[in-house]
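Visitor: Quick one: the structure is below, questions incoming.
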Amino acid sequence: MNKYYLGVDLGSTTSKAVIINDRDEIIGRGITNTRANYRVAVDIARLESIYNARFFLIKKLLNEEIKINPIYQRYLDDIEKAFQYLQFKKRLSSLLSQLKLTVESRFSDFIRDKIYTNIENIIEKIDTLIKDEYLSGNLGSKNQFFRDIVNEKYHDEVTALDIDMFEPLMLAFDKSITPVENEMVEFDFRELVYDAMSILEDKYNGLANRTYNDVSVHFDAELNLLKGSYGKITDTFKEHLDRVAGQDFHISNMVGTGYGRALLPFPEECIKSEILCHAFGAHAIFPGTRTVLDIGGQDTKAIQVDSHGLVTSFYMNDRCAAGCGRYLGYIADELNISLNELGSTALSATKETNICSTCTVFAGAELREQLNVGEKREDILAGLHKAIVMRAMSLIARSGGVRNEFTFTGGVARNKAVLKYVTELVKKNYGDDLKINIHTDSIFMGALGGAMFARRNVNIN
Amino acid sequence: MSKEVEKEKSMVLQKEMVARLFDELSAANETGKKVVYTFVPGNLSELILAFDMLPVYPEINALQSGMRKLSGNYIREAEKFGHSEDVCTYVKCDIGMMLSGNIGPTGKKLPDPDLLLLSYTGCFTFMKWFENLEKLYPGVPIAMLHTPYQESGKITPDMTEYMVKQIKEEVIPKMELVSGKKLDEEKLNAIIQNSIEIEDLIVKIFDTTKNVPSPIDAYFAGVYYIGPINIGFRGTKDAVDYYTELLKEIEYRVENKLGPVTPEGVMEERFRLVVEGPPNWTNFREFWKLFYDHGAVVVASTYTKVGGMHDLGFRHDVKRPFESLAEYCMNCYTNLNLTQRISLLSKYIKDYNADGLLVNSIKSCNSFSAGQLIMMRKIEEDLETPVGFIESDLVDPRYFSFSNIKNRLDSFFQMLDQRRVILKDKTAVI
């Protein structure tokens with residue numbers, strides 16, 4: 001029987017789960033930003049990583065077919081996108097039910113029907129928009145969370161309505177979103193993949209009917225090629241799907257890390273410090289790593305590792321979380337934009353407004369003051385991003401500086417503006433020859449390290 | 001935390017000695033005994049004793065207040081009085097205590113000083129501290145002993161001569177004036193003879209950590225062991241008896257392969273550490289327990305050397321009484337330069353076979369904290385010893401963050417653990 005190992009990283013903002021096989025290969029990833037207690041967060045992330053792992057296994061079984069006909073890779077990716085949409089849709093339905101319950105309990109008969117109608121319309125619109133973004137756009141690869149996606153769209157829709165509807169609709173949303181995102185949405189994997197295939201069939205069959213002006217579809221050669229040939233792989237796909245979906249996913253051992261690790265129902269030897277896990281994970285992906293910078297939700301860690309991936313020293317921010325992910329979240333809230341837009345907006349700056357990074361709350365005040373004196377939003381954001389990185393540079397210096405190679409991990413590593421300044425300042429301070437590593441899985445490094453420890457603990461025992 | 005701590009005979013002896021000293025202090029106004037306020041590093045206990053005067057150590061009062069959960073209020077008093085948040089918290093605690101009636105750690109009022117003896121050793125704050133005390137006790141005589149810093153890493157004959165001149169021309173005349181007595185050199189030599197005996201005993205005591213398991217914790221328990229020499233008992237028969245008893249108890253532990261006594265019980269050694277920096281006093285037991293829980297025994301610490309570096313060979317000398325008093329002051333840990341401190345830590349790591357170095361950086365103590373990161377980096381590079389860094393404060397309870405410290409210590413101990421496992425058998429785990 002195949003052996004799998006689970007690493008769970010319970011961060012201050014998100015909870016991540018990674019499944020590896022006995023060769024340390026990542027086969028599944030799951031992430032949630034639920035604000036529920038850590039046990040629920042673990043279950044949600046773990047469940048997601050198992051679904052993700054099943055996809056990985058199917059893709060692996062289809063390796064030969066993909067080699068012969070690389071277009072099938074696109075088909076598999078499309079199925080996964082449709083699958084993500086269906087997961088989203090299930091939670092959206094749950095949100096609709098919850099919204100109705102909230103309206104029922106909080107509003108009088110006088111206004112209730114009007115709110116119901118609006119809510120139903122809004123949810124339907126969101127569904128259509130999101131379906132399109134998943135199937136034709138790249139929403140799935142953005143790693144956005146249910147709450148963030150729905151919050152943005154719901155808010156947009158409500159703003160477009162009469163002003164007197166704003167307050168009741170937002171109140172209903174605020175009261176309903178938390179129970180929904182904390183809910184375990186379980187389903188039959190095989191069934192949902194079949195549903196995803198059927199959605200795709202509609203999509204491919206419908207391509208011919210798309211308007212001539214829809215340039216993205218018209219010029220998508222891969223898609224045009226696929227719509228005529230995907231049928232050839234579906235039988236093999238279904239065969240593998242049936243096999244993988246029925247497979248019992250046995251986790252041989254697991255390790256928990258991150259802030260919430262002590263709350264996990266794991267034995268003591270299965271709880272590891274996030275410093276060790278981040279370093280171990282980063283070193284596994286980039287074996288030349290000697291310095292790791294991890295910027296997470298509430299802390300920034302500068303870690304020095306040796307050739308075995310063992311930590312030799314580390315330094316963390318103390319007493320204040322300014323300069324961490326939460327700082328960005330706070331700034332995004334202040335500017336009323338999504339976290340994902342922060343980095344790209346900052347990259348369009350023509351200069352960097354000088355912002356002090358010693359306190360998150362003060363930075364918010366400074367931001368408003370700078371806007372008042374006419375500074376441009378993108379320039380202020382560039383200054384804020386630089387301020388975060390300057391703070392991280394100070395921690396790195398205190399931990400012993402940067403040694404070649406340098407690996408940047410954590411959720412904040414996904415922010416392009418932070419990446420720009422980290423690269424710029426690391427090179428400026430420690431030399432152009434340094435190799436800087438950043439991986440698309442940077443947010444999962446702690447969970448990966450945990451899974452690797454889980455595998456090793458079993459071997460040692 | 002309510003567990004009753006098992007008391008050994010030496011603990012009882014120390015408690016009695018300290019109680020006697022504070023009784024004498026509280027009765028000083030009636031007995032007419034003169035009182036000298038002075039500092040631990042570079043303290044001239046032998047001279048104070050030779051004049052039959054009583055010492056008061058403001059840092060000791062501050063740390064005692066910290067352990068008794070009184071320092072928070074005292075610090076607030078000092079801040080109300082105008083001292084900034086960034087000022088050394090020993091100073092603020094001490095000044096706050098004085099402003100609140102100068103009730104000492106045992107609950108009895110401390111007498112006002114008859115002399116402020118400022119033995120300046122590597123900490124500029126000491127000067128400012130006594131400037132403040134002078135304002136609180138207008139007209140009190142001050143004897144200033146300037147101790148040259150070991151910038152070049154050694155004590156030259158000129159440095160010794162410079163200090164002896166101050167001892168003879170500044171300190172002793174002021175002591176004679178305050179006490180109304182001439183210095184009795186024979187009496188001083190008898191006291192110094194006791195000091196030498198005590199110093200030999202202390203070196204033996206702290207050297208027992210070479211044993212595995214270490215019979216003592218050289219940091220958390222170590223601060224109790226250095227108590228008598230740091231609060232005025234160096235040179236007394238009481239201290240000779242105390243250290244003789246303590247060594248006897250420790251040797252018994254060595255013979256029976258017993259680990260250190262801690263408030264939580266006898267510790268099982270898993271890790272051996274060298275620690276740099278003072279401990280946190282406000283949450284001392286909680287802090288110690290974090291080490292106990294991981295089986296982390298401190299086998300050497302620099303903080304226990306602030307009252308003298310006897311393990312590097314220094315002894316008082318009856319043949320050169322004033323010179324040796326001078327050299328004692330110059331040999332204190334805080335008076336060493338960075339290179340000397342690094343080499344001392346490296347020596348401890350090697351001599352005591354330590355698994356790692358841990359630095360407890362003190363927010364409000366510049367003289368200890370400056371250079372600690374350089375020290376860590378150098379040791380990590382030269383010895384490939386894992387290093388850890390935590391931050392707290394001496395006596396300001398606002399700066400002890402249990403979860404932050406626990407999180408870092410957990411990581412540090414796991415780092416040592418994993419290192420041990422992986423380096424022991426790379427093939428099994430990589």
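By convention in this document, the chains of the structure tokens carry letters A, B, ... by their order, each chain's residues are numbered from 1, and ligands are numbered from 1 in the order they are shown.
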Return as a Markdown table the residues of chain B lying at most 9 Å from chain A, together with the closest atom-to-atom pair for each and the distance in Å to one decimal, counting only C-alpha atoms, with rows in chain order and ascending residue number.

Guide:
| residue | atom | partner | partner_atom | distance |
| --- | --- | --- | --- | --- |
| B:Leu373 | CA | A:Arg398 | CA | 6.5 |
| B:Ile374 | CA | A:Gly400 | CA | 8.4 |
| B:Met376 | CA | A:Gly400 | CA | 8.5 |
| B:Arg377 | CA | A:Gly400 | CA | 5.9 |
| B:Glu380 | CA | A:Thr312 | CA | 7.5 |
| B:Glu384 | CA | A:Thr312 | CA | 7.8 |
| B:Thr385 | CA | A:Thr312 | CA | 7.4 |
| B:Pro386 | CA | A:Thr312 | CA | 4.7 |
| B:Val387 | CA | A:Ser313 | CA | 5.3 |
| B:Gly388 | CA | A:Ser313 | CA | 6.0 |
| B:Phe389 | CA | A:Tyr315 | CA | 7.0 |
| B:Ile390 | CA | A:Tyr315 | CA | 8.7 |
| B:Glu391 | CA | A:Asp318 | CA | 7.9 |
| B:Tyr399 | CA | A:Arg319 | CA | 8.6 |
| B:Ser401 | CA | A:Arg319 | CA | 8.0 |
| B:Asn404 | CA | A:Asp318 | CA | 7.2 |
| B:Asn407 | CA | A:Ser273 | CA | 7.7 |
| B:Arg408 | CA | A:Met316 | CA | 8.3 |
| B:Asp410 | CA | A:Ser273 | CA | 6.7 |
| B:Ser411 | CA | A:Ser273 | CA | 5.0 |
| B:Phe412 | CA | A:Ser313 | CA | 8.2 |
| B:Gln414 | CA | A:Ser273 | CA | 7.0 |
| B:Met415 | CA | A:Val311 | CA | 6.1 |
| B:Leu416 | CA | A:Val311 | CA | 8.6 |
| B:Gln418 | CA | A:Leu310 | CA | 7.5 |
| B:Arg419 | CA | A:Leu310 | CA | 6.3 |
| B:Val421 | CA | A:Ile460 | CA | 8.8 |
| B:Ile422 | CA | A:His308 | CA | 8.2 |
| B:Leu423 | CA | A:His308 | CA | 8.7 |
| B:Lys426 | CA | A:His308 | CA | 8.7 |
| B:Ala428 | CA | A:Ile460 | CA | 7.0 |
| B:Val429 | CA | A:Arg456 | CA | 5.5 |
| B:Ile430 | CA | A:Arg456 | CA | 7.7 |

Visitor: Would you list the contacts of Phe408 of chain A as a list in words, taking every protein, DNA or RNA residue within 10 Å and counting only C-alpha atoms, but skipping same-chain residues closer than 3 positions in sequence?

Guide: Ala282, Thr289, Thr291, Val292, Leu293, Asp294, Ile295, Ala302, Gly411, Val412, Ala413, Arg414, Leu419, Val422, Thr423, Ile436, Asn437, Ile438, His439, Ser442, Ile443 and Met445 of chain A

Visitor: Atoms to include: N, CA and C atoms. Write the selected residues as a PDB file, in the first residue's frame.

Guide:
ATOM      1  N   ALA A 282      11.753  24.512   2.818  1.00  0.00           N
ATOM      2  CA  ALA A 282      12.471  25.347   1.842  1.00  0.00           C
ATOM      3  C   ALA A 282      13.726  24.638   1.364  1.00  0.00           C
ATOM      4  N   THR A 289      19.694  26.065  -0.267  1.00  0.00           N
ATOM      5  CA  THR A 289      19.262  27.123   0.660  1.00  0.00           C
ATOM      6  C   THR A 289      20.124  27.179   1.916  1.00  0.00           C
ATOM      7  N   THR A 291      19.845  30.563   3.732  1.00  0.00           N
ATOM      8  CA  THR A 291      19.070  31.555   4.496  1.00  0.00           C
ATOM      9  C   THR A 291      17.625  31.523   4.005  1.00  0.00           C
ATOM     10  N   VAL A 292      16.707  31.464   4.957  1.00  0.00           N
ATOM     11  CA  VAL A 292      15.284  31.457   4.604  1.00  0.00           C
ATOM     12  C   VAL A 292      14.639  32.697   5.217  1.00  0.00           C
ATOM     13  N   LEU A 293      13.877  33.399   4.402  1.00  0.00           N
ATOM     14  CA  LEU A 293      13.057  34.481   4.940  1.00  0.00           C
ATOM     15  C   LEU A 293      11.610  34.045   4.779  1.00  0.00           C
ATOM     16  N   ASP A 294      10.890  34.014   5.882  1.00  0.00           N
ATOM     17  CA  ASP A 294       9.483  33.633   5.808  1.00  0.00           C
ATOM     18  C   ASP A 294       8.655  34.796   6.358  1.00  0.00           C
ATOM     19  N   ILE A 295       7.808  35.339   5.521  1.00  0.00           N
ATOM     20  CA  ILE A 295       6.910  36.387   6.033  1.00  0.00           C
ATOM     21  C   ILE A 295       5.500  35.827   6.051  1.00  0.00           C
ATOM     22  N   ALA A 302      13.644  35.054  10.075  1.00  0.00           N
ATOM     23  CA  ALA A 302      14.861  34.925   9.277  1.00  0.00           C
ATOM     24  C   ALA A 302      15.583  33.708   9.842  1.00  0.00           C
ATOM     25  N   GLY A 411       3.156  33.244   2.996  1.00  0.00           N
ATOM     26  CA  GLY A 411       2.055  33.775   2.201  1.00  0.00           C
ATOM     27  C   GLY A 411       2.402  35.084   1.509  1.00  0.00           C
ATOM     28  N   VAL A 412       3.195  35.915   2.191  1.00  0.00           N
ATOM     29  CA  VAL A 412       3.510  37.233   1.636  1.00  0.00           C
ATOM     30  C   VAL A 412       4.422  37.125   0.405  1.00  0.00           C
ATOM     31  N   ALA A 413       5.095  35.993   0.244  1.00  0.00           N
ATOM     32  CA  ALA A 413       5.978  35.805  -0.931  1.00  0.00           C
ATOM     33  C   ALA A 413       5.170  35.793  -2.221  1.00  0.00           C
ATOM     34  N   ARG A 414       3.830  35.679  -2.102  1.00  0.00           N
ATOM     35  CA  ARG A 414       2.995  35.693  -3.321  1.00  0.00           C
ATOM     36  C   ARG A 414       2.723  37.119  -3.800  1.00  0.00           C
ATOM     37  N   LEU A 419       8.019  40.845  -3.460  1.00  0.00           N
ATOM     38  CA  LEU A 419       9.074  40.095  -4.158  1.00  0.00           C
ATOM     39  C   LEU A 419      10.082  41.038  -4.799  1.00  0.00           C
ATOM     40  N   VAL A 422      12.193  42.622  -2.048  1.00  0.00           N
ATOM     41  CA  VAL A 422      13.079  41.642  -1.407  1.00  0.00           C
ATOM     42  C   VAL A 422      14.271  41.378  -2.330  1.00  0.00           C
ATOM     43  N   THR A 423      13.981  41.126  -3.604  1.00  0.00           N
ATOM     44  CA  THR A 423      15.047  40.835  -4.565  1.00  0.00           C
ATOM     45  C   THR A 423      16.011  42.016  -4.640  1.00  0.00           C
ATOM     46  N   ILE A 436      18.452  33.756  -5.610  1.00  0.00           N
ATOM     47  CA  ILE A 436      17.232  33.972  -4.828  1.00  0.00           C
ATOM     48  C   ILE A 436      16.163  32.998  -5.309  1.00  0.00           C
ATOM     49  N   ASN A 437      15.654  32.200  -4.389  1.00  0.00           N
ATOM     50  CA  ASN A 437      14.648  31.193  -4.753  1.00  0.00           C
ATOM     51  C   ASN A 437      13.268  31.593  -4.260  1.00  0.00           C
ATOM     52  N   ILE A 438      12.319  31.527  -5.162  1.00  0.00           N
ATOM     53  CA  ILE A 438      10.920  31.717  -4.760  1.00  0.00           C
ATOM     54  C   ILE A 438      10.103  30.668  -5.501  1.00  0.00           C
ATOM     55  N   HIS A 439       9.272  29.969  -4.795  1.00  0.00           N
ATOM     56  CA  HIS A 439       8.538  28.861  -5.400  1.00  0.00           C
ATOM     57  C   HIS A 439       7.045  29.160  -5.369  1.00  0.00           C
ATOM     58  N   SER A 442       5.368  28.560  -2.134  1.00  0.00           N
ATOM     59  CA  SER A 442       6.032  29.197  -0.990  1.00  0.00           C
ATOM     60  C   SER A 442       5.158  29.199   0.269  1.00  0.00           C
ATOM     61  N   ILE A 443       3.852  29.352   0.088  1.00  0.00           N
ATOM     62  CA  ILE A 443       2.962  29.407   1.258  1.00  0.00           C
ATOM     63  C   ILE A 443       2.845  28.038   1.945  1.00  0.00           C
ATOM     64  N   MET A 445       5.392  25.894   2.445  1.00  0.00           N
ATOM     65  CA  MET A 445       6.689  25.371   2.895  1.00  0.00           C
ATOM     66  C   MET A 445       6.647  24.799   4.316  1.00  0.00           C
TER      67      MET A 445
END

Visitor: Just want the 8 Å neighbourhood of segment 353-357 of chain A, counted on only C-alpha atoms, with same-chain residues fewer than 5 positions away dropped. Output as an mmCIF file with C-alpha atoms, in the first residue's frame.

Guide:
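What ended up in selection-v8.cif:
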data_model
loop_
_atom_site.group_PDB
_atom_site.id
_atom_site.type_symbol
_atom_site.label_atom_id
_atom_site.label_comp_id
_atom_site.auth_asym_id
_atom_site.auth_seq_id
_atom_site.Cartn_x
_atom_site.Cartn_y
_atom_site.Cartn_z
ATOM 1 C CA ALA A 322 4.131 45.461 11.707
ATOM 2 C CA GLY A 323 5.767 44.325 8.497
ATOM 3 C CA ALA A 363 0.891 53.137 9.115
ATOM 4 C CA GLU A 366 0.109 57.726 7.822
ATOM 5 C CA LEU A 367 -1.574 56.315 4.743
ATOM 6 C CA GLU A 375 0.286 61.469 -2.695
ATOM 7 C CA ASP A 379 3.159 55.469 -4.649
ATOM 8 C CA ILE A 380 2.025 55.132 -1.042
ATOM 9 C CA LEU A 381 1.514 51.418 -1.531
ATOM 10 C CA ALA A 382 4.978 51.096 -3.040
ATOM 11 C CA GLY A 383 6.340 52.853 0.054
ATOM 12 C CA LEU A 384 4.393 50.530 2.332
ATOM 13 C CA ALA A 387 8.783 49.496 4.446
ATOM 14 C CA ILE A 388 7.782 45.879 5.110
ATOM 15 C CA ARG A 391 11.866 45.603 8.358
#

Visitor: Write out as a ChimeraX atom specification each polymer residue whose atoms come within 6 Å of Thr32 of chain A, counting only C-alpha atoms; drop sequence neighbours fewer than 5 positions from it.

Guide: /A:14-15,45

Visitor: Now that the selection is made, can you save its residues with C-alpha atoms as a PDB file, in the first residue's frame?

Guide:
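Result saved to out_32.pdb:
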ATOM      1  CA  THR A  14      -4.430  30.658   6.880  1.00  0.00           C
ATOM      2  CA  SER A  15      -4.221  26.948   7.585  1.00  0.00           C
ATOM      3  CA  ALA A  45      -7.353  22.042   4.707  1.00  0.00           C
TER       4      ALA A  45
END

Visitor: Can you tell me, as a list in words, what residues are no more than 9 Å from Asp78 of chain A when counting only C-alpha atoms, ignoring any on the same chain fewer than 2 positions away?

Guide: Gln73, Arg74, Tyr75, Leu76, Glu80, Lys81, Ala82, Phe83, Tyr134, Leu135, Ser136, Ala196, Met197 and Leu200 of chain A
